[in-house]
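K.L.:
What follows is data.pdb; its format and atoms are PDB, C-alpha atoms.
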```
ATOM      1  CA  MET W   1       8.412  17.412 -13.276
ATOM      2  CA  ALA W   2       7.778  18.417 -16.855
ATOM      3  CA  GLY W   3       4.727  20.295 -18.050
ATOM      4  CA  ALA W   4       4.286  22.928 -15.336
ATOM      5  CA  VAL W   5       1.284  25.169 -15.858
ATOM      6  CA  GLY W   6       2.095  27.394 -12.911
ATOM      7  CA  LEU W   7      -0.187  29.527 -10.865
ATOM      8  CA  GLY W   8      -1.616  31.165 -13.953
ATOM      9  CA  LEU W   9      -3.937  28.205 -14.409
ATOM     10  CA  SER W  10      -7.159  29.451 -12.902
ATOM     11  CA  LEU W  11      -8.745  27.736  -9.951
ATOM     12  CA  GLY W  12     -12.027  28.070 -11.794
ATOM     13  CA  PHE W  13     -10.706  25.813 -14.545
ATOM     14  CA  ILE W  14      -9.564  23.259 -11.980
ATOM     15  CA  ALA W  15     -12.944  23.439 -10.258
ATOM     16  CA  LEU W  16     -14.606  22.568 -13.571
ATOM     17  CA  LEU W  17     -12.281  19.606 -13.959
ATOM     18  CA  VAL W  18     -13.146  18.401 -10.476
ATOM     19  CA  VAL W  19     -16.907  18.809 -10.944
ATOM     20  CA  GLY W  20     -16.798  17.171 -14.352
ATOM     21  CA  THR W  21     -14.868  14.187 -13.138
ATOM     22  CA  TYR W  22     -17.114  13.690 -10.122
ATOM     23  CA  SER W  23     -20.169  13.902 -12.358
ATOM     24  CA  ALA W  24     -18.733  11.226 -14.608
ATOM     25  CA  ALA W  25     -18.303   9.034 -11.562
ATOM     26  CA  ALA W  26     -21.891   9.378 -10.397
ATOM     27  CA  GLY W  27     -22.970   6.251 -12.224
ATOM     28  CA  ILE W  28     -20.097   4.076 -11.042
ATOM     29  CA  ALA W  29     -21.296   1.190  -8.913
ATOM     30  CA  GLY W  30     -19.461  -1.531  -7.067
ATOM     31  CA  GLY W  31     -15.879  -1.850  -5.948
ATOM     32  CA  ALA W  32     -13.026  -4.177  -6.700
ATOM     33  CA  GLY W  33     -14.846  -7.403  -5.958
ATOM     34  CA  GLY W  34     -15.443 -10.258  -8.314
ATOM     35  CA  GLY W  35     -14.555 -13.897  -8.596
ATOM     36  CA  GLY W  36     -11.848 -15.753 -10.413
ATOM     37  CA  ALA W  37      -8.106 -15.777  -9.923
ATOM     38  CA  VAL W  38      -6.576 -12.788  -8.161
ATOM     39  CA  ALA W  39      -3.962 -10.901 -10.181
ATOM     40  CA  LEU W  40      -1.464  -8.555  -8.568
ATOM     41  CA  ALA W  41      -1.646  -4.806  -9.112
ATOM     42  CA  LYS W  42       1.053  -3.361 -11.328
ATOM     43  CA  GLY W  43       4.321  -2.953  -9.451
ATOM     44  CA  ALA W  44       2.740  -3.521  -6.030
ATOM     45  CA  VAL W  45       5.059  -6.471  -5.439
ATOM     46  CA  PRO W  46       8.744  -5.940  -6.367
ATOM     47  CA  ALA W  47       9.425  -7.628  -9.691
ATOM     48  CA  LYS W  48      11.947 -10.101  -8.244
ATOM     49  CA  TYR W  49       9.262 -11.508  -5.920
ATOM     50  CA  GLN W  50       6.172 -11.170  -8.109
ATOM     51  CA  GLY W  51       6.377 -14.614  -9.708
ATOM     52  CA  LEU W  52       6.873 -16.278  -6.334
ATOM     53  CA  VAL W  53       3.935 -14.464  -4.772
ATOM     54  CA  GLN W  54       1.659 -15.158  -7.747
ATOM     55  CA  LYS W  55       2.556 -18.862  -7.755
ATOM     56  CA  TRP W  56       2.510 -19.614  -4.042
ATOM     57  CA  GLY W  57      -0.412 -17.316  -3.343
ATOM     58  CA  ASN W  58      -2.600 -19.882  -5.089
ATOM     59  CA  LEU W  59      -1.434 -22.799  -2.948
ATOM     60  CA  CYS W  60      -4.812 -23.314  -1.247
ATOM     61  CA  PRO W  61      -8.297 -21.730  -1.308
ATOM     62  CA  ALA W  62      -7.763 -19.793   1.950
ATOM     63  CA  ILE W  63      -5.120 -17.523   0.426
ATOM     64  CA  ASN W  64      -4.556 -15.612  -2.790
ATOM     65  CA  PRO W  65      -1.553 -13.711  -4.168
ATOM     66  CA  ALA W  66      -2.762 -10.334  -2.910
ATOM     67  CA  LEU W  67      -3.347 -11.678   0.596
ATOM     68  CA  LEU W  68       0.112 -13.279   0.680
ATOM     69  CA  ALA W  69       1.624 -10.018  -0.577
ATOM     70  CA  ALA W  70      -0.197  -8.071   2.145
ATOM     71  CA  GLN W  71       1.212 -10.366   4.819
ATOM     72  CA  LEU W  72       4.770 -10.095   3.511
ATOM     73  CA  TYR W  73       4.560  -6.315   3.209
ATOM     74  CA  GLN W  74       3.072  -6.036   6.694
ATOM     75  CA  GLU W  75       5.774  -8.256   8.154
ATOM     76  CA  SER W  76       8.919  -6.957   6.460
ATOM     77  CA  GLY W  77       8.261  -4.351   3.787
ATOM     78  CA  TRP W  78       9.923  -6.811   1.335
ATOM     79  CA  ASP W  79      13.254  -6.675   3.213
ATOM     80  CA  PRO W  80      14.754 -10.216   3.138
ATOM     81  CA  ASN W  81      17.440  -9.377   5.703
ATOM     82  CA  VAL W  82      15.424  -7.863   8.541
ATOM     83  CA  VAL W  83      15.391  -9.152  12.121
ATOM     84  CA  SER W  84      12.634  -8.017  14.482
ATOM     85  CA  PRO W  85      13.084  -7.314  18.213
ATOM     86  CA  ALA W  86      11.398 -10.700  18.788
ATOM     87  CA  GLN W  87      14.066 -12.326  16.570
ATOM     88  CA  ALA W  88      11.678 -12.974  13.703
ATOM     89  CA  GLN W  89      13.803 -13.354  10.598
ATOM     90  CA  GLY W  90      13.694 -12.603   6.909
ATOM     91  CA  ILE W  91      11.103 -11.456   4.430
ATOM     92  CA  ALA W  92       8.350 -13.587   6.031
ATOM     93  CA  GLN W  93       9.443 -12.910   9.641
ATOM     94  CA  PHE W  94       9.601 -16.479  10.942
ATOM     95  CA  ILE W  95      10.793 -16.986  14.492
ATOM     96  CA  PRO W  96      13.388 -19.806  14.645
ATOM     97  CA  GLY W  97      11.058 -22.369  16.286
ATOM     98  CA  THR W  98       8.301 -21.825  13.733
ATOM     99  CA  TRP W  99      10.793 -21.973  10.880
ATOM    100  CA  ALA W 100      12.212 -25.260  12.179
ATOM    101  CA  ALA W 101       8.728 -26.771  12.140
ATOM    102  CA  HIS W 102       7.261 -25.172   9.023
ATOM    103  CA  GLY W 103      10.066 -23.933   6.751
ATOM    104  CA  VAL W 104      10.129 -25.575   3.311
ATOM    105  CA  ASP W 105      12.736 -25.898   0.578
ATOM    106  CA  GLY W 106      10.824 -23.824  -1.932
ATOM    107  CA  ASP W 107      13.527 -23.729  -4.607
ATOM    108  CA  LYS W 108      14.513 -27.405  -4.191
ATOM    109  CA  ASP W 109      18.206 -26.619  -3.722
ATOM    110  CA  GLY W 110      18.596 -28.974  -0.769
ATOM    111  CA  ASP W 111      18.312 -26.522   2.121
ATOM    112  CA  ARG W 112      15.691 -24.472   3.964
ATOM    113  CA  ASP W 113      17.056 -20.940   4.311
ATOM    114  CA  VAL W 114      14.914 -18.429   6.216
ATOM    115  CA  TRP W 115      16.931 -15.593   4.633
ATOM    116  CA  ASP W 116      16.239 -16.774   1.074
ATOM    117  CA  PRO W 117      12.908 -15.460  -0.291
ATOM    118  CA  GLN W 118      12.846 -18.469  -2.616
ATOM    119  CA  ASP W 119      12.297 -20.561   0.526
ATOM    120  CA  ALA W 120      10.673 -18.039   2.878
ATOM    121  CA  ILE W 121       7.822 -16.965   0.584
ATOM    122  CA  PRO W 122       6.756 -20.559  -0.199
ATOM    123  CA  SER W 123       7.059 -21.311   3.529
ATOM    124  CA  ALA W 124       4.754 -18.418   4.403
ATOM    125  CA  ALA W 125       2.139 -19.709   1.962
ATOM    126  CA  SER W 126       2.559 -23.282   3.161
ATOM    127  CA  TYR W 127       2.190 -22.216   6.800
ATOM    128  CA  ASP W 128      -0.960 -20.249   5.987
ATOM    129  CA  CYS W 129      -2.461 -23.281   4.303
ATOM    130  CA  LYS W 130      -1.578 -25.565   7.220
ATOM    131  CA  LEU W 131      -3.294 -23.157   9.598
ATOM    132  CA  ALA W 132      -6.313 -23.078   7.291
ATOM    133  CA  GLY W 133      -6.429 -26.857   7.484
ATOM    134  CA  TYR W 134      -6.317 -26.794  11.283
ATOM    135  CA  VAL W 135      -9.420 -24.572  11.418
ATOM    136  CA  ASP W 136     -11.157 -25.970   8.348
ATOM    137  CA  ASP W 137     -14.207 -27.146  10.310
ATOM    138  CA  VAL W 138     -14.702 -23.836  12.134
ATOM    139  CA  PRO W 139     -17.771 -21.866  10.962
ATOM    140  CA  GLY W 140     -17.315 -18.563   9.169
ATOM    141  CA  ASP W 141     -14.932 -17.153   6.595
ATOM    142  CA  GLN W 142     -12.054 -19.554   5.946
ATOM    143  CA  THR W 143      -9.519 -16.832   5.209
ATOM    144  CA  LYS W 144     -10.389 -14.780   8.282
ATOM    145  CA  ASN W 145     -10.209 -17.872  10.463
ATOM    146  CA  MET W 146      -6.801 -18.695   8.989
ATOM    147  CA  LEU W 147      -5.520 -15.169   9.686
ATOM    148  CA  ALA W 148      -6.878 -15.360  13.226
ATOM    149  CA  ALA W 149      -5.070 -18.662  13.712
ATOM    150  CA  TYR W 150      -1.874 -17.053  12.408
ATOM    151  CA  ASN W 151      -2.185 -14.336  15.049
ATOM    152  CA  ALA W 152      -3.773 -16.090  18.045
ATOM    153  CA  GLY W 153      -3.263 -19.786  17.347
ATOM    154  CA  ALA W 154      -5.582 -22.404  15.908
ATOM    155  CA  TYR W 155      -6.801 -23.464  19.358
ATOM    156  CA  ALA W 156      -8.275 -20.017  20.048
ATOM    157  CA  VAL W 157     -10.137 -20.036  16.731
ATOM    158  CA  ILE W 158     -11.527 -23.502  17.427
ATOM    159  CA  LYS W 159     -12.439 -22.565  21.004
ATOM    160  CA  TYR W 160     -14.421 -19.487  19.976
ATOM    161  CA  GLY W 161     -15.876 -20.942  16.781
ATOM    162  CA  GLY W 162     -14.284 -18.246  14.615
ATOM    163  CA  VAL W 163     -12.180 -15.132  15.030
ATOM    164  CA  PRO W 164     -11.635 -14.884  18.811
ATOM    165  CA  PRO W 165     -12.698 -11.762  20.733
ATOM    166  CA  TYR W 166      -9.168 -10.451  21.099
ATOM    167  CA  SER W 167      -8.735  -6.867  19.904
ATOM    168  CA  GLU W 168      -5.237  -7.571  18.581
ATOM    169  CA  THR W 169      -6.436 -10.560  16.561
ATOM    170  CA  GLN W 170      -9.525  -8.810  15.237
ATOM    171  CA  ASN W 171      -7.403  -5.856  14.191
ATOM    172  CA  TYR W 172      -4.865  -8.134  12.479
ATOM    173  CA  VAL W 173      -7.597  -9.830  10.453
ATOM    174  CA  LYS W 174      -9.052  -6.476   9.412
ATOM    175  CA  VAL W 175      -5.649  -5.009   8.543
ATOM    176  CA  ILE W 176      -4.572  -7.874   6.284
ATOM    177  CA  THR W 177      -7.929  -8.278   4.537
ATOM    178  CA  THR W 178      -8.013  -4.521   3.890
ATOM    179  CA  LEU W 179      -4.378  -4.255   2.856
ATOM    180  CA  GLN W 180      -4.753  -7.068   0.333
ATOM    181  CA  GLN W 181      -7.014  -4.770  -1.713
ATOM    182  CA  SER W 182      -4.010  -2.563  -2.435
ATOM    183  CA  PHE W 183      -2.058  -5.515  -3.845
ATOM    184  CA  ALA W 184      -4.871  -6.893  -6.008
ATOM    185  CA  ARG W 185      -5.526  -5.675  -9.524
ATOM    186  CA  PRO W 186      -9.073  -4.280  -9.456
ATOM    187  CA  VAL W 187     -11.637  -6.403 -11.256
ATOM    188  CA  GLY W 188     -14.159  -3.582 -11.690
ATOM    189  CA  ARG W 189     -14.142   0.154 -11.254
ATOM    190  CA  VAL W 190     -12.839   1.457  -7.944
ATOM    191  CA  GLU W 191     -15.378   3.263  -5.769
ATOM    192  CA  PRO W 192     -15.029   7.067  -5.523
ATOM    193  CA  SER W 193     -13.367   8.558  -2.471
ATOM    194  CA  GLN W 194     -15.624  10.410  -0.043
ATOM    195  CA  GLN W 195     -12.860  12.688   1.279
ATOM    196  CA  ALA W 196     -11.198  13.670  -2.001
ATOM    197  CA  ALA W 197     -12.750  17.135  -2.385
ATOM    198  CA  GLY W 198     -11.553  18.206   1.052
ATOM    199  CA  ALA W 199      -8.025  17.011   0.351
ATOM    200  CA  ILE W 200      -7.948  18.952  -2.930
ATOM    201  CA  HIS W 201      -9.265  22.073  -1.188
ATOM    202  CA  TYR W 202      -6.434  21.871   1.334
ATOM    203  CA  ALA W 203      -3.779  21.443  -1.359
ATOM    204  CA  GLN W 204      -5.168  24.356  -3.375
ATOM    205  CA  GLN W 205      -4.613  26.656  -0.416
ATOM    206  CA  LYS W 206      -0.899  25.802  -0.564
ATOM    207  CA  LEU W 207      -0.356  26.745  -4.215
ATOM    208  CA  GLY W 208       2.682  28.983  -4.568
ATOM    209  CA  THR W 209       4.319  27.783  -1.340
ATOM    210  CA  LYS W 210       8.030  27.084  -1.717
ATOM    211  CA  TYR W 211       9.164  23.457  -1.699
ATOM    212  CA  LEU W 212      11.183  22.093   1.239
ATOM    213  CA  TRP W 213      12.727  18.622   1.217
ATOM    214  CA  GLY W 214      11.408  16.832   4.314
ATOM    215  CA  GLY W 215       8.860  19.605   4.803
ATOM    216  CA  ASN W 216       5.760  18.863   6.870
ATOM    217  CA  GLY W 217       4.230  22.340   6.755
ATOM    218  CA  THR W 218       5.120  23.224  10.355
ATOM    219  CA  PRO W 219       5.525  26.861  11.503
ATOM    220  CA  GLU W 220       9.242  26.210  11.992
ATOM    221  CA  GLN W 221       9.386  25.225   8.311
ATOM    222  CA  GLN W 222       7.383  28.297   7.292
ATOM    223  CA  GLY W 223       4.515  26.085   6.166
ATOM    224  CA  ARG W 224       6.580  24.433   3.431
ATOM    225  CA  PHE W 225       6.254  20.853   2.178
ATOM    226  CA  ASP W 226       7.875  18.200   0.066
ATOM    227  CA  CYS W 227       5.726  16.002  -2.169
ATOM    228  CA  SER W 228       4.595  13.381   0.330
ATOM    229  CA  GLY W 229       4.410  15.887   3.157
ATOM    230  CA  LEU W 230       1.817  17.810   1.132
ATOM    231  CA  THR W 231      -0.310  14.761   0.319
ATOM    232  CA  GLN W 232      -0.108  13.579   3.925
ATOM    233  CA  ALA W 233      -1.264  16.982   5.194
ATOM    234  CA  ALA W 234      -4.044  17.184   2.586
ATOM    235  CA  TYR W 235      -5.560  13.891   3.706
ATOM    236  CA  ARG W 236      -4.920  14.601   7.371
ATOM    237  CA  SER W 237      -7.160  17.659   6.918
ATOM    238  CA  VAL W 238     -10.063  15.291   6.179
ATOM    239  CA  GLY W 239      -9.290  12.840   8.962
ATOM    240  CA  ILE W 240      -7.150  10.290   7.117
ATOM    241  CA  GLU W 241      -3.624   9.672   8.388
ATOM    242  CA  LEU W 242      -1.295   8.592   5.583
ATOM    243  CA  PRO W 243       2.270   7.351   6.036
ATOM    244  CA  ARG W 244       4.932  10.007   5.651
ATOM    245  CA  VAL W 245       6.629   8.878   2.450
ATOM    246  CA  ALA W 246       5.438   8.314  -1.088
ATOM    247  CA  ASN W 247       6.204   4.619  -1.542
ATOM    248  CA  ASP W 248       4.170   3.761   1.566
ATOM    249  CA  GLN W 249       1.298   6.041   0.567
ATOM    250  CA  TYR W 250       0.905   3.905  -2.565
ATOM    251  CA  ASN W 251      -0.608   1.114  -0.447
ATOM    252  CA  ALA W 252      -3.342   3.265   1.156
ATOM    253  CA  GLY W 253      -6.087   1.962  -1.134
ATOM    254  CA  GLU W 254      -6.916   0.347  -4.460
ATOM    255  CA  HIS W 255      -5.323   1.337  -7.746
ATOM    256  CA  PRO W 256      -7.522   2.828 -10.487
ATOM    257  CA  SER W 257      -6.247   2.708 -14.045
ATOM    258  CA  ARG W 258      -5.190   5.872 -15.847
ATOM    259  CA  ASP W 259      -8.545   6.269 -17.584
ATOM    260  CA  GLU W 260     -10.428   5.808 -14.281
ATOM    261  CA  LEU W 261      -8.612   8.544 -12.353
ATOM    262  CA  MET W 262     -10.735  10.860 -10.244
ATOM    263  CA  PRO W 263      -9.912  14.056  -8.344
ATOM    264  CA  GLY W 264      -8.286  13.248  -5.035
ATOM    265  CA  ASP W 265      -6.440  10.160  -6.252
ATOM    266  CA  LEU W 266      -2.772  10.062  -5.381
ATOM    267  CA  VAL W 267      -0.583   9.754  -8.476
ATOM    268  CA  PHE W 268       2.927   8.313  -8.278
ATOM    269  CA  PHE W 269       6.164   8.510 -10.235
ATOM    270  CA  SER W 270       9.196   6.246 -10.302
ATOM    271  CA  ASP W 271      12.326   5.443 -12.273
ATOM    272  CA  ASP W 272      11.505   1.727 -11.845
ATOM    273  CA  LEU W 273       8.005   1.011 -13.134
ATOM    274  CA  THR W 274       8.101  -2.583 -11.829
ATOM    275  CA  ASN W 275       8.526  -1.813  -8.119
ATOM    276  CA  SER W 276       6.328   0.345  -5.897
ATOM    277  CA  ARG W 277       9.109   0.485  -3.302
ATOM    278  CA  ALA W 278      11.119   2.593  -5.763
ATOM    279  CA  ILE W 279       8.446   5.339  -6.018
ATOM    280  CA  ARG W 280      10.078   8.739  -5.540
ATOM    281  CA  HIS W 281       7.307  11.309  -6.113
ATOM    282  CA  VAL W 282       3.588  11.749  -5.428
ATOM    283  CA  GLY W 283       0.961  14.321  -6.318
ATOM    284  CA  LEU W 284      -2.767  14.883  -5.824
ATOM    285  CA  TYR W 285      -4.819  14.420  -8.990
ATOM    286  CA  VAL W 286      -7.306  17.217  -9.755
ATOM    287  CA  GLY W 287      -8.689  16.114 -13.140
ATOM    288  CA  GLY W 288      -8.004  16.769 -16.799
ATOM    289  CA  GLY W 289      -4.547  15.190 -16.631
ATOM    290  CA  TYR W 290      -3.237  17.574 -13.948
ATOM    291  CA  MET W 291      -2.114  17.225 -10.353
ATOM    292  CA  ILE W 292      -1.184  19.553  -7.511
ATOM    293  CA  ASN W 293       2.297  18.700  -6.295
ATOM    294  CA  ALA W 294       5.403  19.939  -4.543
ATOM    295  CA  PRO W 295       7.925  19.151  -7.292
ATOM    296  CA  TYR W 296      11.511  19.773  -6.143
ATOM    297  CA  THR W 297      13.895  22.172  -4.440
ATOM    298  CA  GLY W 298      13.654  25.628  -5.976
ATOM    299  CA  ALA W 299      10.081  25.163  -7.172
ATOM    300  CA  VAL W 300       6.730  25.973  -5.583
ATOM    301  CA  ILE W 301       3.603  23.917  -5.043
ATOM    302  CA  ARG W 302       1.881  24.056  -8.413
ATOM    303  CA  PHE W 303      -0.144  22.260 -11.092
ATOM    304  CA  ASP W 304       1.694  19.794 -13.349
ATOM    305  CA  LYS W 305       0.672  17.283 -15.976
ATOM    306  CA  ILE W 306       0.799  13.670 -14.867
ATOM    307  CA  ASP W 307       1.417  12.041 -18.243
ATOM    308  CA  THR W 308       5.192  11.697 -18.136
ATOM    309  CA  PRO W 309       7.392   8.664 -18.858
ATOM    310  CA  ASP W 310       7.926   8.062 -15.127
ATOM    311  CA  TYR W 311       4.202   7.872 -14.277
ATOM    312  CA  PHE W 312       3.824   4.748 -12.127
ATOM    313  CA  GLY W 313       0.159   4.563 -11.172
ATOM    314  CA  ALA W 314      -2.452   5.817  -8.750
ATOM    315  CA  THR W 315      -4.110   5.056  -5.434
ATOM    316  CA  ARG W 316      -7.648   5.887  -4.352
ATOM    317  CA  VAL W 317      -7.167   6.582  -0.664
ATOM    318  CA  THR W 318      -9.565   5.140   1.894
ATOM    319  CA  GLU W 319      -9.592   5.549   5.656
ATOM    320  CA  ASP W 320      -9.443   1.793   6.218
ATOM    321  CA  GLY W 321      -6.678   1.468   3.644
ATOM    322  CA  ALA W 322      -4.559   4.067   5.401
ATOM    323  CA  LYS W 323      -5.193   2.496   8.801
ATOM    324  CA  SER W 324      -4.079  -0.901   7.512
ATOM    325  CA  LEU W 325      -0.559   0.271   6.703
ATOM    326  CA  PRO W 326       2.269  -0.696   9.054
ATOM    327  CA  THR W 327       3.906   2.167  10.938
ATOM    328  CA  ASP W 328       7.195   0.490  11.802
ATOM    329  CA  LEU W 329       8.488  -1.276   8.708
ATOM    330  CA  PRO W 330      12.228  -1.866   9.035
ATOM    331  CA  THR W 331      13.018  -0.838   5.459
ATOM    332  CA  GLU W 332      14.828   2.296   4.352
ATOM    333  CA  ARG W 333      12.472   5.165   3.721
ATOM    334  CA  LYS W 334      12.537   7.850   1.062
ATOM    335  CA  SER W 335      11.196  11.316   1.754
ATOM    336  CA  GLY W 336       9.861  13.543  -0.976
ATOM    337  CA  THR W 337      11.521  14.392  -4.251
TER     338      THR W 337
END
```
In structure tokens, what does this structure look like?
P.N.:
Amino acid sequence: MAGAVGLGLSLGFIALLVVGTYSAAAGIAGGAGGGGAVALAKGAVPAKYQGLVQKWGNLCPAINPALLAAQLYQESGWDPNVVSPAQAQGIAQFIPGTWAAHGVDGDKDGDRDVWDPQDAIPSAASYDCKLAGYVDDVPGDQTKNMLAAYNAGAYAVIKYGGVPPYSETQNYVKVITTLQQSFARPVGRVEPSQQAAGAIHYAQQKLGTKYLWGGNGTPEQQGRFDCSGLTQAAYRSVGIELPRVANDQYNAGEHPSRDELMPGDLVFFSDDLTNSRAIRHVGLYVGGGYMINAPYTGAVIRFDKIDTPDYFGATRVTEDGAKSLPTDLPTERKSGT
């Protein structure tokens, strides 16, 4: 990355940046709530699917584009060719029987193709809305009841008068409703992270350590890291388990704008600024336009400026956000830079 300031930049200066930025955040209230139409966060949905998700995510009141995106990401990681061990197929992971009953010809080309996102994404939205209709008279939150019906069946939701007392179903509802926050463009300022200072402290202790591609900081690796290995270890030190690679870490929380960055935010870099799945580098923001990062082979963990042409965006990590991420997506993974 360009703009290295090296180890000569004093930790005292960084500490001032951190304190100053936290002080500025003291008056921030509220999260990413708010009414009105839900817009998608920049690059969270691959550009070739963004229009489909935005359109079909508004099919009925029980869903929104961010919720639909969260379901698709959870199911397939945006891979239109994946087959699960249970023979669920395509980007929306329909099993053949469900597809036969609920697949729609979304692009009006005369067929219903489970492998074609132009059909599968509209079918996922249509199926959600049908489920919402089945449980429309059930008390409680319409969207949560719909998600519960998706996981456990409409009969169970009707029987229990809401989300049934099944741990798998309750977890599914929580995961999707949490994960949708990472796909929605924030309406207001994003709440500060409670664990950020500890993550920064951990990363500071690693300054000067040599970079290792695929490095997780183990004794066998002489405590060396790559970019996402460092950020994973930093947040693990404060009790938050992030995914291993950068493009998955992007979905571990909401996305503050550049002028709302706070110490502890993850900052991401990509050669394709329209697609979060193409992210190739991540660092830990410390304030004042700088991050701690493990840049590349031959370099050491150091401070760098974040304002480069390949700056993609940022994520404010939360424990619930990290827990909502799938651990077994069938898509190809990238390690660090």
K.L.:
Using the chain letters and numbers from the file, give me the residues hit by the PyMOL selection byres ((chain W and resi 145) around 7), as a ChimeraX atom specification.
P.N.:
/W:135,141-144,146-149,157,162-163
K.L.:
Between atom CA of Ala184 of chain W and atom CA of Ser123 of chain W, what is the spacing in Å?
P.N.:
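If I compute the distance from atom CA of Ser123 of chain W to atom CA of Ala184 of chain W, I get 21.0 Å.
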K.L.:
Please report the interatomic distance between atom CA of Gln204 of chain W and atom CA of Ala322 of chain W in Å with one decimal.
P.N.:
22.1 Å
K.L.:
Give me the result of the PyMOL selection byres ((chain W and resi 59-67) around 7) on this file, residue by residue, as a ChimeraX atom specification.
P.N.:
/W:38,40,53-54,56-58,68-71,125,129,132,142-143,176-177,180,183-184
K.L.:
On this structure, the PyMOL selection byres ((chain W and resi 138) around 7) would catch which residues? List them as JSON, numbers by chain, sorted by chain and number.
P.N.:
{"W": [135, 136, 137, 139, 140, 158, 161, 162]}
K.L.:
Pick from W:Lys206, W:Asp128, W:Ser270, W:Val245: nearest to Phe303 of chain W, with all atoms listed in the file counted?
P.N.:
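Of W:Lys206, W:Asp128, W:Ser270, W:Val245, the one nearest Phe303 of chain W, counting all atoms listed in the file, is W:Lys206.
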K.L.:
Using all atoms listed in the file, can you tell me which of W:Gly289, W:Trp99, W:Gly110, W:Leu230 comes closest to Ser126 of chain W?
P.N.:
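For Ser126 of chain W, the nearest of the candidates is W:Trp99.
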K.L.:
Which is closest to Arg244 of chain W among W:Leu325, W:Ala124, W:Leu52, W:Ile95, if we use all atoms listed in the file?
P.N.:
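Among the listed residues, the smallest separation from Arg244 of chain W belongs to W:Leu325.
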